[in-house]
Amino acid sequence: MDAKDILGLPKNSLPIPQEKKSRPPKDSQRKPDGISREVYALTGGLAPLMPAIDSSQLKKQPPKDEKITWQWLPFTNSARKDTLQLYHWVRVVNGVPPTGDYSFAKYNKSVDIVKYTDEEYEKYLNDPGWTKEETDQLFDLCQQFDLRFIVIADRFSSSRTVEELKDRYYSVCRAIVVARAPALGDSSGTPLVKEPYNVSQEIERKRALSMVLSQTKHQERKDAEVLAEAKRITESRMAAKVAEESELPVSSNAGPESAERASFPGDTVSPSSNVQLPSATVASSALTADNASTLASLRMLRVYLRTYALDQMVQAASSSAGLRTIKRVEQTLQELGVNLKPRVPTKSVCAEHLELRKEILTLLNLQKQLQYKEAEGSSFRDGSYADTPSTPKRPNRGGDQDRTFVPDMSFGGERVGKRDQKRKAPGRLSEAPSSPAQSKRPRKLKASEL
């Protein structure tokens, strides 16, 4: 039993022929040599627009006429003082081995150790704590181990510390350099003479370093807190000292002129006004405080240009003013023929320039106050509260103040007037007269009456 029996299909039925779709013929392209199949499938054989690797980075192939071989050959090393013969692999071109010294011999560097004679030792280098044999051994070890004093102390015969070995070596070198100098002043620029070795300082440095390295986390945290507190106290003392220094010239300059300037704006403004306006006294005190803070910040710099100080003082003086006021001050300076920055910024010129800016700013403030007072006086004199002659006078009644205005929107006569009277509260009078009664509309006639 097969699928045809299940479906009830005849077994001898022929399959329906299906039309085959014609496929376009493929262009047979042969993969070029020197490229993998995967790369050719991805790129389709197209060359990249830009090379992936610079040609200079590629390894250059040797010329075809050169024959290169590697041979096991002996070599000579100028850094060695013995006759030991060593071998290594060498690149040989056309059977000709390379000549010259060993390529790594240039890295053999040695320290120039001072040598002394027996006469110089007896004359300059005698020390009760050191014998000549110990000194000779010290200099031989310094020559052998290139001044590596840790290794020298490990190889030294007697129990000497590293600091003692350093002190003996540098003291001998310094004495030899001074003795061999033709004059006393010729050896003063030598580092051994200019900066002598200090044994006590080196011992103290190592002791402090060992204490720091042996500290716990808790001790490090406490030390950091102490240092931060000390820094804060130092900064506060410095700021207080600078503030005291900045207050001295300000207090000495405050004389009758400042008192006169403080009292001048008060005379021009009437005392009857209750409106708080920016007065020149408040402005001058604010400018003085700004100048004091600016001077304190400048003294913290220790060294600064006078033009930079002038810019800071101008910014401090104009900090309370707006951008339009600052532009008006600069415009006034240009009208007066004064440069915005002095050409010769000496101390007196900068002080006068700053004083001129302050006076111009005070003048602009006074002009603003004057304009405000004139506008206030004109509003009281010709204000909207005065009665015009064309306006009829009405009696001021108590009911008119509390009653809201109700517009007359009536279109019909008495009926609307009665409705308005009903809306009015009892005991209140209406000023608006009722609208006159209009004629009634004619009644429409019925069809039976015609």
# chains A, B, ... in the order shown; residues from 1 in each chain; ligands from 1
>>> select_by_dssp(residues="range 49-243 of chain A", states="helix (DSSP H, G or I)", output="PyMOL selection string")
chain A and resi 55-57+105-107+118-124+132-145+149-155+162-180+191-194+199-213+217-243
>>> atom_distance(atom1="CA of Arg343 in chain A", atom2="CA of Thr307 in chain A")
9.9 Å
>>> closest_residue(among="A:Gly34, A:Glu202, A:Ser188, A:Lys358", to="Thr161 in chain A", atoms="only C-alpha atoms")
A:Glu202
>>> residues_around(residues="Arg160 in chain A", least_positions_apart="3", cutoff="12 Å", atoms="only C-alpha atoms", output="ChimeraX atom specification")
/A:129-130,134-135,138,149-150,152-157,163-168
>>> write_last_selection(atoms="N, CA and C atoms", output="PDB file, in the first residue's frame")
ATOM      1  N   GLY A 129      90.471  56.385  60.566  1.00  0.00           N
ATOM      2  CA  GLY A 129      89.467  55.316  60.529  1.00  0.00           C
ATOM      3  C   GLY A 129      89.664  54.339  59.394  1.00  0.00           C
ATOM      4  N   TRP A 130      90.571  54.615  58.488  1.00  0.00           N
ATOM      5  CA  TRP A 130      90.777  53.750  57.331  1.00  0.00           C
ATOM      6  C   TRP A 130      92.275  53.488  57.156  1.00  0.00           C
ATOM      7  N   GLU A 134      92.528  48.861  53.138  1.00  0.00           N
ATOM      8  CA  GLU A 134      91.070  48.963  52.968  1.00  0.00           C
ATOM      9  C   GLU A 134      90.713  49.949  51.857  1.00  0.00           C
ATOM     10  N   THR A 135      91.432  51.038  51.776  1.00  0.00           N
ATOM     11  CA  THR A 135      91.150  52.010  50.716  1.00  0.00           C
ATOM     12  C   THR A 135      91.471  51.425  49.345  1.00  0.00           C
ATOM     13  N   LEU A 138      88.752  49.023  48.462  1.00  0.00           N
ATOM     14  CA  LEU A 138      87.523  49.743  48.105  1.00  0.00           C
ATOM     15  C   LEU A 138      87.582  50.229  46.667  1.00  0.00           C
ATOM     16  N   PHE A 149      77.488  50.156  45.105  1.00  0.00           N
ATOM     17  CA  PHE A 149      77.948  50.088  46.492  1.00  0.00           C
ATOM     18  C   PHE A 149      77.237  49.013  47.293  1.00  0.00           C
ATOM     19  N   ILE A 150      76.062  48.595  46.893  1.00  0.00           N
ATOM     20  CA  ILE A 150      75.395  47.489  47.591  1.00  0.00           C
ATOM     21  C   ILE A 150      76.194  46.200  47.396  1.00  0.00           C
ATOM     22  N   ILE A 152      79.374  46.139  46.490  1.00  0.00           N
ATOM     23  CA  ILE A 152      80.697  46.376  47.075  1.00  0.00           C
ATOM     24  C   ILE A 152      80.670  46.106  48.579  1.00  0.00           C
ATOM     25  N   ALA A 153      79.606  46.563  49.254  1.00  0.00           N
ATOM     26  CA  ALA A 153      79.498  46.313  50.699  1.00  0.00           C
ATOM     27  C   ALA A 153      79.359  44.830  50.985  1.00  0.00           C
ATOM     28  N   ASP A 154      78.745  44.078  50.079  1.00  0.00           N
ATOM     29  CA  ASP A 154      78.616  42.638  50.281  1.00  0.00           C
ATOM     30  C   ASP A 154      79.957  41.935  50.072  1.00  0.00           C
ATOM     31  N   ARG A 155      80.804  42.462  49.204  1.00  0.00           N
ATOM     32  CA  ARG A 155      82.094  41.842  48.907  1.00  0.00           C
ATOM     33  C   ARG A 155      83.226  42.368  49.799  1.00  0.00           C
ATOM     34  N   PHE A 156      82.965  43.418  50.547  1.00  0.00           N
ATOM     35  CA  PHE A 156      84.056  44.027  51.313  1.00  0.00           C
ATOM     36  C   PHE A 156      84.444  43.130  52.486  1.00  0.00           C
ATOM     37  N   SER A 157      85.726  43.136  52.809  1.00  0.00           N
ATOM     38  CA  SER A 157      86.247  42.214  53.840  1.00  0.00           C
ATOM     39  C   SER A 157      85.768  42.589  55.242  1.00  0.00           C
ATOM     40  N   GLU A 163      76.969  53.576  53.657  1.00  0.00           N
ATOM     41  CA  GLU A 163      77.224  55.011  53.815  1.00  0.00           C
ATOM     42  C   GLU A 163      78.708  55.273  54.105  1.00  0.00           C
ATOM     43  N   GLU A 164      79.330  54.415  54.916  1.00  0.00           N
ATOM     44  CA  GLU A 164      80.755  54.590  55.203  1.00  0.00           C
ATOM     45  C   GLU A 164      81.615  54.383  53.958  1.00  0.00           C
ATOM     46  N   LEU A 165      81.266  53.397  53.148  1.00  0.00           N
ATOM     47  CA  LEU A 165      82.011  53.163  51.912  1.00  0.00           C
ATOM     48  C   LEU A 165      81.865  54.335  50.952  1.00  0.00           C
ATOM     49  N   LYS A 166      80.632  54.860  50.831  1.00  0.00           N
ATOM     50  CA  LYS A 166      80.414  56.019  49.951  1.00  0.00           C
ATOM     51  C   LYS A 166      81.183  57.239  50.450  1.00  0.00           C
ATOM     52  N   ASP A 167      81.150  57.465  51.738  1.00  0.00           N
ATOM     53  CA  ASP A 167      81.842  58.625  52.305  1.00  0.00           C
ATOM     54  C   ASP A 167      83.353  58.536  52.063  1.00  0.00           C
ATOM     55  N   ARG A 168      83.937  57.353  52.250  1.00  0.00           N
ATOM     56  CA  ARG A 168      85.374  57.207  52.036  1.00  0.00           C
ATOM     57  C   ARG A 168      85.748  57.392  50.566  1.00  0.00           C
TER      58      ARG A 168
END
>>> atom_distance(atom1="CA of Glu335 in chain A", atom2="CA of Ala321 in chain A")
20.0 Å
>>> atom_distance(atom1="CA of Thr76 in chain A", atom2="CA of Asp101 in chain A")
6.3 Å
>>> residues_around(residues="Leu363 in chain A", least_positions_apart="5", cutoff="10 Å", atoms="only C-alpha atoms", output="count of residues only")
6
>>> select_by_dssp(residues="range 30-224 of chain A", states="strand (DSSP E)", output="list of chain:residue names")
A:Ile68, A:Thr69, A:Trp70, A:Gln71, A:Trp72, A:Leu73, A:Pro74, A:Phe75, A:Leu86, A:Tyr87, A:His88, A:Trp89, A:Val90, A:Arg91, A:Val92, A:Val93
>>> closest_residue(among="A:Tyr308, A:Phe75, A:Trp89, A:Tyr169", to="Asp140 in chain A", atoms="only C-alpha atoms")
A:Tyr169
>>> closest_residue(among="A:Lys11, A:Ala208, A:Arg30, A:Ala183", to="Gly44 in chain A", atoms="only C-alpha atoms")
A:Arg30
>>> closest_residue(among="A:Ser159, A:Glu204, A:Lys81, A:Tyr170", to="Pro191 in chain A", atoms="only C-alpha atoms")
A:Tyr170
